[in-house]
Amino acid sequence: MWNRQQVKEQAKQIMKRNYWKMFLVTLIAGILSTNYVTFIQEVQGLVPDVVLPSMFSSILSFLSMESIVGLLFSIFIGFAIRVGEPYYFIKNHYGNPALNEIFQGFKGNYLNVVKIMLIMELKIMLWLLLLVVPGIIKAYEYSMIPYLLAENPNITT
């Protein structure tokens, strides 16, 4: 059984070994797996209502098309990145992995990874519709799914 000091010392050694690489992986994963739909909806909220109706409708249709593209990007690229990031950190615990390990979610059983992550997100949204507290509980409950998929991308739902 490990005690707190041993775990803390091991974490310090890993951080000293690859600090900037880990920072870069987190930054890349944060940028590529951002929920662009939320960002685009915030931009839509900034469009003033006093804009000419024809111009407003064209801007709104452009932004709604952008939200669809952002949603597809989040599903097909963001989900795989959200699985690749834990894969990198699992490999980092045992050695010095390459930076391209963050794209591990695209290798192997990519469609299974996307399917499971999509089902997870849908379940969390449905629980959030029920009430806020059950949604938070389920989000916490499902938070380790990317780590499970990083270890075994062939796992079933």
# chains A, B, ... in the order shown; residues from 1 in each chain; ligands from 1
>>> closest_atom_pairs(of="range 5-33 of chain A", to="range 66-78 of chain A", cutoff="10 Å", atoms="only C-alpha atoms", output="JSON lines")
{"residue": "A:Ala29", "atom": "CA", "partner": "A:Gly78", "partner_atom": "CA", "distance": 8.2}
{"residue": "A:Gly30", "atom": "CA", "partner": "A:Gly78", "partner_atom": "CA", "distance": 9.2}
{"residue": "A:Ile31", "atom": "CA", "partner": "A:Gly78", "partner_atom": "CA", "distance": 9.1}
{"residue": "A:Leu32", "atom": "CA", "partner": "A:Gly78", "partner_atom": "CA", "distance": 5.9}
{"residue": "A:Ser33", "atom": "CA", "partner": "A:Gly78", "partner_atom": "CA", "distance": 3.9}
>>> write_last_selection(atoms="C-alpha atoms", output="PDB file, in the first residue's frame")
ATOM      1  CA  ALA A  29      -6.288  18.732 -26.136  1.00  0.00           C
ATOM      2  CA  GLY A  30      -8.052  21.740 -24.670  1.00  0.00           C
ATOM      3  CA  ILE A  31      -8.063  23.564 -27.994  1.00  0.00           C
ATOM      4  CA  LEU A  32      -9.060  20.583 -30.126  1.00  0.00           C
ATOM      5  CA  SER A  33     -11.746  19.194 -27.825  1.00  0.00           C
TER       6      SER A  33
END
>>> residues_around(residues="Tyr19 in chain A", least_positions_apart="6", cutoff="12 Å", atoms="only C-alpha atoms", output="ChimeraX atom specification")
/A:11-13,25-26,89,92,96
>>> residues_around(residues="Met144 in chain A", least_positions_apart="6", cutoff="12 Å", atoms="only C-alpha atoms", output="list in words")
Arg82, Val83, Pro86, Met117, Met120, Lys138, Ala150 and Glu151 of chain A
>>> atom_distance(atom1="CA of Ala80 in chain A", atom2="CA of Gln104 in chain A")
7.7 Å
>>> select_by_dssp(residues="range 68-126 of chain A", states="alpha helix (DSSP H)", output="PyMOL selection string")
chain A and resi 68-73+79-94+110-126
>>> residues_around(residues="Pro153 in chain A", least_positions_apart="6", cutoff="9 Å", atoms="only C-alpha atoms", output="short mmCIF file (atom, residue, chain, number, x, y, z; two decimals) with N, CA and C atoms, in the first residue's frame")
data_model
loop_
_atom_site.label_atom_id
_atom_site.label_comp_id
_atom_site.auth_asym_id
_atom_site.auth_seq_id
_atom_site.Cartn_x
_atom_site.Cartn_y
_atom_site.Cartn_z
N VAL A 83 -10.17 11.11 -25.53
CA VAL A 83 -9.69 9.77 -25.17
C VAL A 83 -8.17 9.69 -25.33
N GLY A 105 -6.77 8.10 -29.95
CA GLY A 105 -8.20 7.85 -30.09
C GLY A 105 -8.63 7.63 -31.53
N GLY A 108 -7.00 2.36 -34.03
CA GLY A 108 -7.74 1.24 -33.46
C GLY A 108 -9.22 1.31 -33.79
N ASN A 109 -10.05 1.25 -32.79
CA ASN A 109 -11.50 1.20 -32.97
C ASN A 109 -12.10 2.59 -32.81
N TYR A 110 -11.84 3.46 -33.78
CA TYR A 110 -12.25 4.87 -33.72
C TYR A 110 -13.77 5.02 -33.60
N ASN A 112 -15.99 2.99 -32.41
CA ASN A 112 -16.44 2.57 -31.09
C ASN A 112 -16.19 3.66 -30.05
N VAL A 113 -15.04 4.31 -30.14
CA VAL A 113 -14.70 5.40 -29.23
C VAL A 113 -15.72 6.53 -29.38
#
>>> atom_distance(atom1="CA of Tyr88 in chain A", atom2="CA of Ile102 in chain A")
5.6 Å
>>> atom_distance(atom1="CA of Ile28 in chain A", atom2="CA of Thr156 in chain A")
27.6 Å
>>> closest_residue(among="A:Val7, A:Ile145, A:Val133, A:Ile81", to="Glu121 in chain A", atoms="only C-alpha atoms")
A:Ile145
>>> residues_around(residues="Leu118 in chain A", least_positions_apart="4", cutoff="8 Å", atoms="only C-alpha atoms", output="list in words")
Ile75, Phe79, Val114 and Leu122 of chain A
>>> write_last_selection(atoms="C-alpha atoms", output="mmCIF file, in the first residue's frame")
data_model
loop_
_atom_site.group_PDB
_atom_site.id
_atom_site.type_symbol
_atom_site.label_atom_id
_atom_site.label_comp_id
_atom_site.auth_asym_id
_atom_site.auth_seq_id
_atom_site.Cartn_x
_atom_site.Cartn_y
_atom_site.Cartn_z
ATOM 1 C CA ILE A 75 -18.237 14.638 -31.966
ATOM 2 C CA PHE A 79 -14.243 12.878 -28.561
ATOM 3 C CA VAL A 114 -16.954 8.000 -30.875
ATOM 4 C CA LEU A 122 -26.338 12.062 -24.444
#
>>> decode(residues="range 97-119 of chain A", atoms="N, CA and C atoms", output="PDB file, in the first residue's frame")
ATOM      1  N   PRO A  97       6.434   9.226 -23.414  1.00  0.00           N
ATOM      2  CA  PRO A  97       5.726   8.993 -24.677  1.00  0.00           C
ATOM      3  C   PRO A  97       5.922  10.141 -25.661  1.00  0.00           C
ATOM      4  N   ALA A  98       5.690   9.828 -26.925  1.00  0.00           N
ATOM      5  CA  ALA A  98       5.766  10.844 -27.969  1.00  0.00           C
ATOM      6  C   ALA A  98       4.537  11.748 -27.885  1.00  0.00           C
ATOM      7  N   LEU A  99       4.660  12.928 -28.434  1.00  0.00           N
ATOM      8  CA  LEU A  99       3.574  13.904 -28.395  1.00  0.00           C
ATOM      9  C   LEU A  99       2.371  13.437 -29.212  1.00  0.00           C
ATOM     10  N   ASN A 100       2.599  12.611 -30.227  1.00  0.00           N
ATOM     11  CA  ASN A 100       1.494  12.168 -31.081  1.00  0.00           C
ATOM     12  C   ASN A 100       0.627  11.104 -30.423  1.00  0.00           C
ATOM     13  N   GLU A 101       0.941  10.704 -29.204  1.00  0.00           N
ATOM     14  CA  GLU A 101       0.099   9.743 -28.484  1.00  0.00           C
ATOM     15  C   GLU A 101      -1.275  10.328 -28.175  1.00  0.00           C
ATOM     16  N   ILE A 102      -1.388  11.640 -28.227  1.00  0.00           N
ATOM     17  CA  ILE A 102      -2.675  12.288 -27.971  1.00  0.00           C
ATOM     18  C   ILE A 102      -3.695  11.932 -29.062  1.00  0.00           C
ATOM     19  N   PHE A 103      -3.212  11.511 -30.219  1.00  0.00           N
ATOM     20  CA  PHE A 103      -4.111  11.144 -31.319  1.00  0.00           C
ATOM     21  C   PHE A 103      -4.409   9.643 -31.335  1.00  0.00           C
ATOM     22  N   GLN A 104      -4.165   8.962 -30.233  1.00  0.00           N
ATOM     23  CA  GLN A 104      -4.406   7.529 -30.137  1.00  0.00           C
ATOM     24  C   GLN A 104      -5.882   7.186 -30.288  1.00  0.00           C
ATOM     25  N   GLY A 105      -6.774   8.102 -29.953  1.00  0.00           N
ATOM     26  CA  GLY A 105      -8.204   7.854 -30.094  1.00  0.00           C
ATOM     27  C   GLY A 105      -8.632   7.627 -31.533  1.00  0.00           C
ATOM     28  N   PHE A 106      -7.841   8.106 -32.489  1.00  0.00           N
ATOM     29  CA  PHE A 106      -8.156   7.909 -33.908  1.00  0.00           C
ATOM     30  C   PHE A 106      -7.696   6.550 -34.419  1.00  0.00           C
ATOM     31  N   LYS A 107      -6.792   5.927 -33.679  1.00  0.00           N
ATOM     32  CA  LYS A 107      -6.262   4.634 -34.092  1.00  0.00           C
ATOM     33  C   LYS A 107      -7.110   3.529 -33.491  1.00  0.00           C
ATOM     34  N   GLY A 108      -7.002   2.363 -34.028  1.00  0.00           N
ATOM     35  CA  GLY A 108      -7.739   1.239 -33.458  1.00  0.00           C
ATOM     36  C   GLY A 108      -9.215   1.309 -33.794  1.00  0.00           C
ATOM     37  N   ASN A 109     -10.046   1.251 -32.789  1.00  0.00           N
ATOM     38  CA  ASN A 109     -11.495   1.196 -32.971  1.00  0.00           C
ATOM     39  C   ASN A 109     -12.099   2.591 -32.807  1.00  0.00           C
ATOM     40  N   TYR A 110     -11.843   3.460 -33.776  1.00  0.00           N
ATOM     41  CA  TYR A 110     -12.254   4.869 -33.724  1.00  0.00           C
ATOM     42  C   TYR A 110     -13.766   5.020 -33.605  1.00  0.00           C
ATOM     43  N   LEU A 111     -14.522   4.280 -34.399  1.00  0.00           N
ATOM     44  CA  LEU A 111     -15.986   4.422 -34.369  1.00  0.00           C
ATOM     45  C   LEU A 111     -16.571   3.984 -33.037  1.00  0.00           C
ATOM     46  N   ASN A 112     -15.988   2.988 -32.408  1.00  0.00           N
ATOM     47  CA  ASN A 112     -16.443   2.567 -31.087  1.00  0.00           C
ATOM     48  C   ASN A 112     -16.186   3.660 -30.051  1.00  0.00           C
ATOM     49  N   VAL A 113     -15.036   4.310 -30.142  1.00  0.00           N
ATOM     50  CA  VAL A 113     -14.703   5.404 -29.229  1.00  0.00           C
ATOM     51  C   VAL A 113     -15.715   6.530 -29.382  1.00  0.00           C
ATOM     52  N   VAL A 114     -16.001   6.920 -30.622  1.00  0.00           N
ATOM     53  CA  VAL A 114     -16.954   8.000 -30.875  1.00  0.00           C
ATOM     54  C   VAL A 114     -18.344   7.600 -30.390  1.00  0.00           C
ATOM     55  N   LYS A 115     -18.745   6.362 -30.646  1.00  0.00           N
ATOM     56  CA  LYS A 115     -20.077   5.896 -30.240  1.00  0.00           C
ATOM     57  C   LYS A 115     -20.242   5.940 -28.726  1.00  0.00           C
ATOM     58  N   ILE A 116     -19.265   5.421 -27.997  1.00  0.00           N
ATOM     59  CA  ILE A 116     -19.372   5.376 -26.544  1.00  0.00           C
ATOM     60  C   ILE A 116     -19.345   6.787 -25.951  1.00  0.00           C
ATOM     61  N   MET A 117     -18.485   7.639 -26.476  1.00  0.00           N
ATOM     62  CA  MET A 117     -18.429   9.015 -25.955  1.00  0.00           C
ATOM     63  C   MET A 117     -19.724   9.771 -26.263  1.00  0.00           C
ATOM     64  N   LEU A 118     -20.305   9.529 -27.428  1.00  0.00           N
ATOM     65  CA  LEU A 118     -21.571  10.180 -27.780  1.00  0.00           C
ATOM     66  C   LEU A 118     -22.697   9.699 -26.865  1.00  0.00           C
ATOM     67  N   ILE A 119     -22.750   8.399 -26.614  1.00  0.00           N
ATOM     68  CA  ILE A 119     -23.773   7.869 -25.711  1.00  0.00           C
ATOM     69  C   ILE A 119     -23.586   8.444 -24.311  1.00  0.00           C
TER      70      ILE A 119
END
